[in-house]
$ cat my_file.txt   # compact mmCIF, C-alpha atoms
# COMPACT_ATOMS: atom_id res chain seq x y z
CA MET X 1499 1.42 97.21 128.67
CA TYR X 1500 3.33 94.43 126.97
CA ARG X 1501 4.29 96.88 124.18
CA PHE X 1502 5.94 99.25 126.67
CA SER X 1503 9.39 97.67 126.37
CA ASN X 1504 9.23 97.82 122.57
CA THR X 1505 8.32 101.52 122.72
CA VAL X 1506 11.17 102.31 125.11
CA ILE X 1507 13.72 100.42 122.98
CA GLY X 1508 12.41 102.17 119.88
CA PHE X 1509 12.84 105.66 121.36
CA LEU X 1510 16.25 104.85 122.84
CA ASN X 1511 17.55 103.57 119.53
CA LEU X 1512 16.10 106.51 117.62
CA PHE X 1513 18.03 108.81 119.96
CA THR X 1514 21.33 106.89 119.55
CA LEU X 1515 20.73 106.70 115.79
CA LEU X 1516 20.57 110.49 115.59
CA ALA X 1517 23.56 110.82 117.97
CA SER X 1518 25.74 108.67 115.68
CA ILE X 1519 25.45 111.19 112.82
CA PRO X 1520 27.59 113.95 114.46
CA ILE X 1521 30.11 111.30 115.60
CA ILE X 1522 30.57 110.12 112.00
CA GLY X 1523 30.69 113.74 110.84
CA ALA X 1524 33.45 114.53 113.34
CA GLY X 1525 35.45 111.55 112.15
CA LEU X 1526 35.12 112.59 108.50
CA TRP X 1527 36.09 116.17 109.38
CA MET X 1528 39.20 114.94 111.20
CA ALA X 1529 40.11 112.81 108.19
CA LYS X 1530 40.38 115.99 106.12
CA SER X 1531 42.25 117.91 108.80
CA SER X 1532 46.01 118.42 108.45
CA THR X 1533 46.60 118.27 112.20
CA THR X 1534 48.29 115.04 113.28
CA CYS X 1535 46.41 114.77 116.58
CA GLU X 1536 43.00 114.90 114.93
CA SER X 1537 43.95 112.40 112.22
CA PHE X 1538 45.13 110.06 114.94
CA LEU X 1539 41.57 109.86 116.34
CA GLN X 1540 39.63 109.60 113.10
CA THR X 1541 39.56 105.78 112.82
CA PRO X 1542 38.17 105.07 116.33
CA LEU X 1543 35.57 107.81 115.88
CA LEU X 1544 34.42 106.49 112.51
CA ILE X 1545 34.24 102.90 113.77
CA LEU X 1546 32.30 103.95 116.87
CA GLY X 1547 29.90 106.08 114.84
CA PHE X 1548 29.12 103.39 112.28
CA VAL X 1549 28.71 100.67 114.94
CA ILE X 1550 26.23 102.86 116.86
CA LEU X 1551 24.41 103.70 113.61
CA ILE X 1552 24.01 100.07 112.53
CA ILE X 1553 23.07 98.65 115.93
CA SER X 1554 20.62 101.49 116.62
CA LEU X 1555 18.98 100.97 113.24
CA ALA X 1556 18.62 97.24 113.89
CA GLY X 1557 17.15 97.83 117.35
CA PHE X 1558 14.73 100.51 116.08
CA ILE X 1559 13.44 98.35 113.21
CA GLY X 1560 13.16 95.26 115.38
CA ALA X 1561 11.30 96.94 118.23
CA CYS X 1562 8.94 99.14 116.18
CA PHE X 1563 8.14 96.73 113.33
CA ASN X 1564 8.31 93.42 115.23
CA VAL X 1565 11.27 92.08 113.22
CA VAL X 1566 12.62 89.21 115.28
CA TRP X 1567 15.94 88.74 113.43
CA ALA X 1568 16.78 92.46 113.72
CA LEU X 1569 16.23 92.38 117.47
CA TRP X 1570 18.26 89.17 117.70
CA VAL X 1571 21.20 90.88 115.94
CA TYR X 1572 20.72 93.92 118.17
CA LEU X 1573 20.86 91.87 121.37
CA LEU X 1574 23.88 89.88 120.14
CA VAL X 1575 25.89 92.98 119.30
CA MET X 1576 24.79 94.65 122.54
CA MET X 1577 26.08 91.66 124.48
CA LEU X 1578 29.43 91.90 122.67
CA ILE X 1579 29.62 95.65 123.35
CA ILE X 1580 28.90 95.11 127.05
CA ALA X 1581 31.59 92.42 127.26
CA ALA X 1582 34.11 94.60 125.40
CA LEU X 1583 33.32 97.63 127.54
CA MET X 1584 33.68 95.60 130.71
CA GLY X 1585 37.06 94.27 129.56
CA LEU X 1586 38.20 97.77 128.53
CA THR X 1587 37.21 99.19 131.92
CA ILE X 1588 39.12 96.54 133.85
CA PHE X 1589 42.12 96.93 131.56
CA GLY X 1590 41.99 100.73 131.89
CA PHE X 1591 42.07 100.61 135.69
CA ALA X 1592 44.90 98.05 135.59
CA VAL X 1593 47.27 100.04 133.36
CA THR X 1594 46.54 103.43 134.97
CA SER X 1595 46.96 102.38 138.59
CA GLN X 1596 50.62 103.53 138.63
CA GLY X 1597 52.13 106.98 138.19
CA GLY X 1598 51.08 110.35 139.58
CA GLY X 1599 54.32 112.33 139.56
CA HIS X 1600 56.72 113.60 142.21
CA GLU X 1601 56.62 116.85 144.14
CA ILE X 1602 59.52 119.27 143.61
CA ALA X 1603 60.69 121.38 146.54
CA GLY X 1604 59.83 125.04 146.05
CA ARG X 1605 57.72 124.35 142.95
CA VAL X 1606 53.98 124.13 142.36
CA TYR X 1607 54.23 121.69 139.45
CA ARG X 1608 55.20 118.03 139.57
CA GLU X 1609 57.75 116.10 137.54
CA TYR X 1610 57.23 112.63 136.12
CA ARG X 1611 59.43 109.58 135.66
CA LEU X 1612 58.93 107.03 132.93
CA GLU X 1613 59.72 104.04 135.16
CA ASP X 1614 56.73 104.87 137.40
CA TYR X 1615 54.20 103.76 134.76
CA SER X 1616 52.96 100.36 133.71
CA PRO X 1617 55.11 98.34 131.28
CA TRP X 1618 52.34 98.33 128.67
CA LEU X 1619 52.19 102.14 128.58
CA ARG X 1620 55.98 102.45 128.58
CA ASN X 1621 56.29 100.12 125.62
CA ARG X 1622 53.74 102.18 123.70
CA VAL X 1623 55.67 105.44 123.98
CA LYS X 1624 59.02 103.73 123.37
CA ASP X 1625 57.83 102.64 119.93
CA PRO X 1626 59.53 105.16 117.55
CA GLN X 1627 56.64 105.27 115.10
CA TYR X 1628 54.09 105.85 117.84
CA TRP X 1629 56.24 108.48 119.54
CA ASN X 1630 56.87 110.37 116.30
CA THR X 1631 53.09 110.71 115.91
CA ILE X 1632 52.75 112.08 119.45
CA ARG X 1633 55.76 114.38 118.99
CA SER X 1634 54.24 115.88 115.85
CA CYS X 1635 50.99 116.35 117.75
CA LEU X 1636 52.78 118.19 120.56
CA LEU X 1637 54.57 120.49 118.11
CA ASN X 1638 51.31 121.39 116.38
CA SER X 1639 49.48 121.97 119.67
CA LYS X 1640 51.78 124.88 120.66
CA THR X 1641 51.77 123.55 124.23
CA CYS X 1642 55.28 124.77 125.00
CA GLY X 1643 54.66 128.15 123.37
CA LYS X 1644 52.32 129.00 126.23
CA ILE X 1645 55.21 129.08 128.75
CA ALA X 1646 57.98 130.27 126.42
CA LEU X 1647 57.92 133.79 127.90
CA TRP X 1648 57.80 132.74 131.53
CA THR X 1649 60.23 134.39 133.94
CA PRO X 1650 62.12 132.45 136.65
CA LEU X 1651 59.51 133.71 139.12
CA ASP X 1652 56.75 132.21 136.99
CA TYR X 1653 58.41 128.81 137.21
CA LEU X 1654 58.35 129.12 141.00
CA ASN X 1655 54.74 130.23 141.37
CA ASN X 1656 52.81 128.73 138.45
CA ASP X 1657 51.57 125.21 137.85
CA MET X 1658 52.14 123.22 134.65
CA THR X 1659 50.39 120.44 132.85
CA PRO X 1660 52.22 117.09 132.81
CA VAL X 1661 53.20 117.63 129.17
CA GLN X 1662 54.57 121.11 129.86
CA SER X 1663 56.51 119.85 132.88
CA GLY X 1664 58.11 116.99 130.96
CA CYS X 1665 58.49 118.33 127.41
CA CYS X 1666 58.94 122.12 127.63
CA LYS X 1667 61.83 122.36 130.12
CA PRO X 1668 64.73 120.26 131.37
CA PRO X 1669 64.36 118.44 134.70
CA THR X 1670 64.69 120.77 137.68
CA SER X 1671 67.66 118.77 138.97
CA CYS X 1672 69.76 119.70 135.91
CA ASN X 1673 72.67 122.04 136.56
CA TYR X 1674 74.20 123.65 133.48
CA GLU X 1675 76.54 125.96 135.41
CA MET X 1676 78.78 123.28 136.88
CA THR X 1677 82.36 123.26 135.62
CA THR X 1678 83.09 119.74 136.89
CA MET X 1679 81.82 116.63 135.22
CA VAL X 1680 79.10 115.23 137.47
CA ALA X 1681 76.64 112.53 136.41
CA GLN X 1682 73.18 113.97 135.87
CA ASN X 1683 69.80 112.83 134.65
CA PRO X 1684 70.21 111.68 131.00
CA ASP X 1685 67.39 114.08 130.07
CA CYS X 1686 69.67 116.97 131.01
CA TYR X 1687 71.82 116.13 127.97
CA ARG X 1688 68.82 115.69 125.68
CA TRP X 1689 67.54 119.20 126.34
CA ASN X 1690 67.95 121.81 123.61
CA ASN X 1691 66.72 125.42 123.48
CA ALA X 1692 65.53 125.06 119.87
CA PRO X 1693 61.69 125.33 119.83
CA THR X 1694 61.39 122.22 117.67
CA VAL X 1695 63.65 120.15 119.95
CA LEU X 1696 63.33 121.27 123.61
CA CYS X 1697 62.89 118.06 125.63
CA TYR X 1698 60.65 116.18 123.18
CA GLU X 1699 63.04 113.22 123.14
CA CYS X 1700 63.36 113.13 126.93
CA ASP X 1701 62.00 110.30 129.07
CA SER X 1702 60.38 113.00 131.20
CA CYS X 1703 58.38 114.12 128.14
CA LYS X 1704 57.16 110.58 127.53
CA ALA X 1705 56.28 110.32 131.22
CA GLY X 1706 54.33 113.60 131.00
CA VAL X 1707 52.36 112.27 128.05
CA LEU X 1708 51.62 109.05 129.94
CA GLU X 1709 50.45 111.05 132.95
CA SER X 1710 48.00 112.93 130.73
CA VAL X 1711 46.84 109.62 129.26
CA ARG X 1712 46.53 108.15 132.76
CA ARG X 1713 44.33 111.01 133.96
CA ASP X 1714 42.13 110.94 130.87
CA TRP X 1715 41.88 107.15 130.98
CA HIS X 1716 40.87 107.27 134.63
CA LYS X 1717 38.03 109.66 133.79
CA LEU X 1718 37.06 107.49 130.82
CA SER X 1719 37.01 104.35 132.99
CA VAL X 1720 34.62 105.99 135.44
CA LEU X 1721 32.41 107.02 132.52
CA ASN X 1722 32.63 103.46 131.18
CA ILE X 1723 31.14 102.14 134.43
CA VAL X 1724 28.17 104.48 134.08
CA MET X 1725 27.74 103.50 130.43
CA LEU X 1726 28.04 99.82 131.36
CA LEU X 1727 25.19 100.07 133.85
CA LEU X 1728 23.09 101.95 131.29
CA LEU X 1729 23.77 99.38 128.56
CA ILE X 1730 22.89 96.50 130.88
CA GLY X 1731 19.56 98.22 131.62
CA ILE X 1732 18.89 98.77 127.90
CA TYR X 1733 19.86 95.16 127.19
CA SER X 1734 17.36 93.92 129.79
CA ILE X 1735 14.57 95.99 128.21
CA GLY X 1736 15.68 94.69 124.80
CA CYS X 1737 15.24 91.11 125.99
CA CYS X 1738 11.65 91.91 126.98
CA ALA X 1739 11.05 93.53 123.61
CA PHE X 1740 12.51 90.44 121.89
CA GLN X 1741 10.09 88.16 123.77
CA ASN X 1742 7.18 90.45 122.89
CA THR X 1743 8.15 90.43 119.22
CA LYS X 1744 8.38 86.63 119.17
CA ARG X 1745 4.97 86.41 120.82
CA ALA X 1746 3.48 88.79 118.26
CA GLU X 1747 4.44 86.39 115.47
CA THR X 1748 2.34 83.58 116.95
CA ASP X 1749 -1.42 83.13 116.92
CA TYR X 1750 -1.69 83.41 120.70
CA PRO X 1751 -2.42 86.71 122.46
CA TYR X 1752 -0.32 87.87 125.36
CA GLY X 1753 -0.92 85.92 128.56
CA GLN X 1754 -2.86 83.03 127.00
CA ASN X 1755 -1.87 79.52 128.03
CA ARG X 1756 -0.37 77.87 124.91
CA MET X 1757 0.16 74.36 126.35
CA SER X 1758 -1.64 71.69 124.35
CA LYS X 1759 -0.83 68.84 126.76
CA VAL X 1760 -0.22 68.67 130.46
CA ARG X 1761 1.72 65.76 131.87
CA PRO X 1762 0.03 64.46 135.07
CA ARG X 1763 1.85 64.50 138.36
CA TRP X 1764 3.62 61.37 139.54
CA ASP X 1765 0.84 60.52 142.04
CA TYR X 1766 -2.10 61.15 139.67
CA TYR X 1767 -2.59 57.53 138.59
CA TRP X 1768 -2.31 56.28 142.15
CA TRP X 1769 -4.94 58.80 143.30
CA ARG X 1770 -7.18 57.88 140.37
CA TRP X 1771 -6.97 54.16 141.18
CA TRP X 1772 -7.80 54.80 144.84
CA HIS X 1773 -10.75 57.04 143.89
CA ASP X 1774 -12.22 54.39 141.56
CA LYS X 1775 -11.74 51.71 144.22
CA LYS X 1776 -13.72 53.71 146.78
CA GLU X 1777 -16.57 54.23 144.33
CA GLN X 1778 -16.77 50.48 143.75
CA LEU X 1779 -16.93 49.79 147.48
CA TYR X 1780 -19.73 52.26 148.09

$ encode --input "my_file.txt" --output "structure tokens"
Amino acid sequence: MYRFSNTVIGFLNLFTLLASIPIIGAGLWMAKSSTTCESFLQTPLLILGFVILIISLAGFIGACFNVVWALWVYLLVMMLIIAALMGLTIFGFAVTSQGGGHEIAGRVYREYRLEDYSPWLRNRVKDPQYWNTIRSCLLNSKTCGKIALWTPLDYLNNDMTPVQSGCCKPPTSCNYEMTTMVAQNPDCYRWNNAPTVLCYECDSCKAGVLESVRRDWHKLSVLNIVMLLLLIGIYSIGCCAFQNTKRAETDYPYGQNRMSKVRPRWDYYWWRWWHDKKEQLY
């Protein structure tokens, strides 16, 4: 039975080893793709795939072939991954706790305001280089093309994604028929009917992107909790396998007492003196 933990760790790491191959393949495929969105994800995918490949290989070799140093590396990296995942989960919940959008009277969809989101997320989309990457991604995704032929009735009855609500139309409050100069939302003046312009430079577009990120990040954080519990369980089994592997390198079988000396209890000498004294008396 003492080999059970090694067998479990071996099978688990063989499974993750095979799972890392399509992850690396997807990253390499995205590296050759001309689409901006896919290229934007290639580095994290490649890093994740290679980390899983290396750590799974170390765990598999260590557990199946009793290689102590490989299991030691495996447990060390696993501990770092657990700590990083725990920090990422807490950070994810912290930066996605704000937002959610505002209801619009007579409309099914919501509209989003940039100031409703966390400062960290706002600073990310305000970075021109970062936003240009996202803008190119939105243009290539044809997101706005899906509602280009909508009628006014469609805008009343149909729902929109956060990106469509913020990037593909001006804010609902905009009034382009007024003859008098009345202060409006600055996004009203950024709007342009050109398909390559629309409202891509509007704050509402950035807010729509952040809302999509917030929703995805919330789902990812929940998944992270499940993965965290799973990794902690695997780490615990790995610790047992590490102890079994260390024991296998010694000359002592499992369960045998390996103590060569036992230090007597504090009252042993007193009891021994009293026992000898009684024997002398009798």

$ atom_distance --input "my_file.txt" --atom1 "atom CA of Ile1550 of chain X" --atom2 "atom CA of Arg1713 of chain X"
26.2 Å

$ residues_around --input "my_file.txt" --residues "Cys1642 of chain X" --least-positions-apart "6" --cutoff "9 Å" --atoms "only C-alpha atoms" --output "VMD selection string"
chain X and resid 1636 1661 to 1662 1665 to 1667 1693 1696

$ write_last_selection --input "my_file.txt" --atoms "C-alpha atoms" --output "PDB file, in the coordinates of the input"
ATOM      1  CA  LEU X1636      52.780 118.190 120.560  1.00  0.00           C
ATOM      2  CA  VAL X1661      53.200 117.630 129.170  1.00  0.00           C
ATOM      3  CA  GLN X1662      54.570 121.110 129.860  1.00  0.00           C
ATOM      4  CA  CYS X1665      58.490 118.330 127.410  1.00  0.00           C
ATOM      5  CA  CYS X1666      58.940 122.120 127.630  1.00  0.00           C
ATOM      6  CA  LYS X1667      61.830 122.360 130.120  1.00  0.00           C
ATOM      7  CA  PRO X1693      61.690 125.330 119.830  1.00  0.00           C
ATOM      8  CA  LEU X1696      63.330 121.270 123.610  1.00  0.00           C
TER       9      LEU X1696
END

$ closest_residue --input "my_file.txt" --among "X:Ile1723, X:Ile1522, X:Ile1588, X:Val1707" --to "Cys1635 of chain X" --atoms "all atoms listed in the file"
X:Val1707

$ atom_distance --input "my_file.txt" --atom1 "atom CA of Leu1569 of chain X" --atom2 "atom CA of Leu1555 of chain X"
10.0 Å

$ closest_residue --input "my_file.txt" --among "X:Gly1604, X:Thr1694, X:Tyr1610, X:Leu1726" --to "Ala1582 of chain X" --atoms "all atoms listed in the file"
X:Leu1726

$ axis_aligned_box --input "my_file.txt" --around "segment 1583-1601 of chain X" --padding-each-side "4 Å" --output "AutoDock Vina command-line options"
--center_x 45.0 --center_y 105.6 --center_z 135.8 --size_x 31.4 --size_y 30.6 --size_z 24.6

$ atom_distance --input "my_file.txt" --atom1 "atom CA of Val1695 of chain X" --atom2 "atom CA of Leu1637 of chain X"
9.3 Å

$ closest_residue --input "my_file.txt" --among "X:Val1571, X:Val1565, X:Lys1704, X:Val1606" --to "Tyr1628 of chain X" --atoms "only C-alpha atoms"
X:Lys1704

$ closest_residue --input "my_file.txt" --among "X:Leu1612, X:Cys1737, X:Ile1645, X:Val1680" --to "Ser1702 of chain X" --atoms "all atoms listed in the file"
X:Leu1612

$ closest_residue --input "my_file.txt" --among "X:Asn1655, X:Thr1587, X:Asn1690, X:Asn1511" --to "Val1720 of chain X" --atoms "only C-alpha atoms"
X:Thr1587

$ residues_around --input "my_file.txt" --residues "Leu1727 of chain X" --least-positions-apart "4" --cutoff "12 Å" --atoms "all atoms listed in the file" --output "PyMOL selection string"
chain X and resi 1580-1581+1583-1584+1720-1723+1731-1734

$ closest_residue --input "my_file.txt" --among "X:Phe1740, X:Trp1715, X:Trp1771, X:Trp1648" --to "Gly1508 of chain X" --atoms "only C-alpha atoms"
X:Phe1740

$ build_atoms --input "my_file.txt" --residues "segment 1686-1713 of chain X" --atoms "N, CA and C atoms" --output "mmCIF file, in the frame of the given file"
data_model
loop_
_atom_site.group_PDB
_atom_site.id
_atom_site.type_symbol
_atom_site.label_atom_id
_atom_site.label_comp_id
_atom_site.auth_asym_id
_atom_site.auth_seq_id
_atom_site.Cartn_x
_atom_site.Cartn_y
_atom_site.Cartn_z
ATOM 1 N N CYS X 1686 68.965 115.683 130.992
ATOM 2 C CA CYS X 1686 69.670 116.970 131.010
ATOM 3 C C CYS X 1686 70.498 117.153 129.737
ATOM 4 N N TYR X 1687 71.002 116.059 129.180
ATOM 5 C CA TYR X 1687 71.820 116.130 127.970
ATOM 6 C C TYR X 1687 70.973 116.088 126.704
ATOM 7 N N ARG X 1688 69.719 115.704 126.834
ATOM 8 C CA ARG X 1688 68.820 115.690 125.680
ATOM 9 C C ARG X 1688 68.165 117.043 125.450
ATOM 10 N N TRP X 1689 68.199 117.895 126.440
ATOM 11 C CA TRP X 1689 67.540 119.200 126.340
ATOM 12 C C TRP X 1689 68.242 120.087 125.326
ATOM 13 N N ASN X 1690 67.425 120.851 124.572
ATOM 14 C CA ASN X 1690 67.950 121.810 123.610
ATOM 15 C C ASN X 1690 67.001 122.995 123.556
ATOM 16 N N ASN X 1691 67.543 124.219 123.479
ATOM 17 C CA ASN X 1691 66.720 125.420 123.480
ATOM 18 C C ASN X 1691 65.928 125.626 122.197
ATOM 19 N N ALA X 1692 66.241 124.892 121.137
ATOM 20 C CA ALA X 1692 65.530 125.060 119.870
ATOM 21 C C ALA X 1692 64.050 124.717 120.057
ATOM 22 N N PRO X 1693 63.130 125.564 119.601
ATOM 23 C CA PRO X 1693 61.690 125.330 119.830
ATOM 24 C C PRO X 1693 61.179 124.008 119.281
ATOM 25 N N THR X 1694 61.854 123.491 118.246
ATOM 26 C CA THR X 1694 61.390 122.220 117.670
ATOM 27 C C THR X 1694 62.054 121.012 118.324
ATOM 28 N N VAL X 1695 62.947 121.251 119.274
ATOM 29 C CA VAL X 1695 63.650 120.150 119.950
ATOM 30 C C VAL X 1695 63.260 120.102 121.420
ATOM 31 N N LEU X 1696 63.609 121.181 122.167
ATOM 32 C CA LEU X 1696 63.330 121.270 123.610
ATOM 33 C C LEU X 1696 63.656 119.928 124.291
ATOM 34 N N CYS X 1697 62.651 119.350 124.964
ATOM 35 C CA CYS X 1697 62.890 118.060 125.630
ATOM 36 C C CYS X 1697 61.942 116.986 125.071
ATOM 37 N N TYR X 1698 61.610 117.112 123.777
ATOM 38 C CA TYR X 1698 60.650 116.180 123.180
ATOM 39 C C TYR X 1698 61.172 114.749 123.110
ATOM 40 N N GLU X 1699 62.485 114.571 123.166
ATOM 41 C CA GLU X 1699 63.040 113.220 123.140
ATOM 42 C C GLU X 1699 63.428 112.741 124.531
ATOM 43 N N CYS X 1700 63.041 113.492 125.554
ATOM 44 C CA CYS X 1700 63.360 113.130 126.930
ATOM 45 C C CYS X 1700 62.395 112.070 127.463
ATOM 46 N N ASP X 1701 62.887 111.255 128.390
ATOM 47 C CA ASP X 1701 62.000 110.300 129.070
ATOM 48 C C ASP X 1701 60.962 111.039 129.903
ATOM 49 N N SER X 1702 61.340 112.225 130.411
ATOM 50 C CA SER X 1702 60.380 113.000 131.200
ATOM 51 C C SER X 1702 59.207 113.457 130.342
ATOM 52 N N CYS X 1703 59.462 113.725 129.055
ATOM 53 C CA CYS X 1703 58.380 114.120 128.140
ATOM 54 C C CYS X 1703 57.435 112.946 127.920
ATOM 55 N N LYS X 1704 57.997 111.771 127.707
ATOM 56 C CA LYS X 1704 57.160 110.580 127.530
ATOM 57 C C LYS X 1704 56.356 110.296 128.792
ATOM 58 N N ALA X 1705 56.995 110.518 129.955
ATOM 59 C CA ALA X 1705 56.280 110.320 131.220
ATOM 60 C C ALA X 1705 55.151 111.330 131.365
ATOM 61 N N GLY X 1706 55.382 112.590 130.938
ATOM 62 C CA GLY X 1706 54.330 113.600 131.000
ATOM 63 C C GLY X 1706 53.150 113.246 130.123
ATOM 64 N N VAL X 1707 53.437 112.708 128.942
ATOM 65 C CA VAL X 1707 52.360 112.270 128.050
ATOM 66 C C VAL X 1707 51.583 111.123 128.694
ATOM 67 N N LEU X 1708 52.293 110.178 129.296
ATOM 68 C CA LEU X 1708 51.620 109.050 129.940
ATOM 69 C C LEU X 1708 50.778 109.513 131.127
ATOM 70 N N GLU X 1709 51.237 110.534 131.838
ATOM 71 C CA GLU X 1709 50.450 111.050 132.950
ATOM 72 C C GLU X 1709 49.140 111.662 132.446
ATOM 73 N N SER X 1710 49.215 112.379 131.326
ATOM 74 C CA SER X 1710 48.000 112.930 130.730
ATOM 75 C C SER X 1710 47.063 111.814 130.287
ATOM 76 N N VAL X 1711 47.646 110.772 129.669
ATOM 77 C CA VAL X 1711 46.840 109.620 129.260
ATOM 78 C C VAL X 1711 46.237 108.942 130.471
ATOM 79 N N ARG X 1712 47.010 108.805 131.533
ATOM 80 C CA ARG X 1712 46.530 108.150 132.760
ATOM 81 C C ARG X 1712 45.336 108.892 133.347
ATOM 82 N N ARG X 1713 45.433 110.217 133.404
ATOM 83 C CA ARG X 1713 44.330 111.010 133.960
ATOM 84 C C ARG X 1713 43.080 110.909 133.082
#
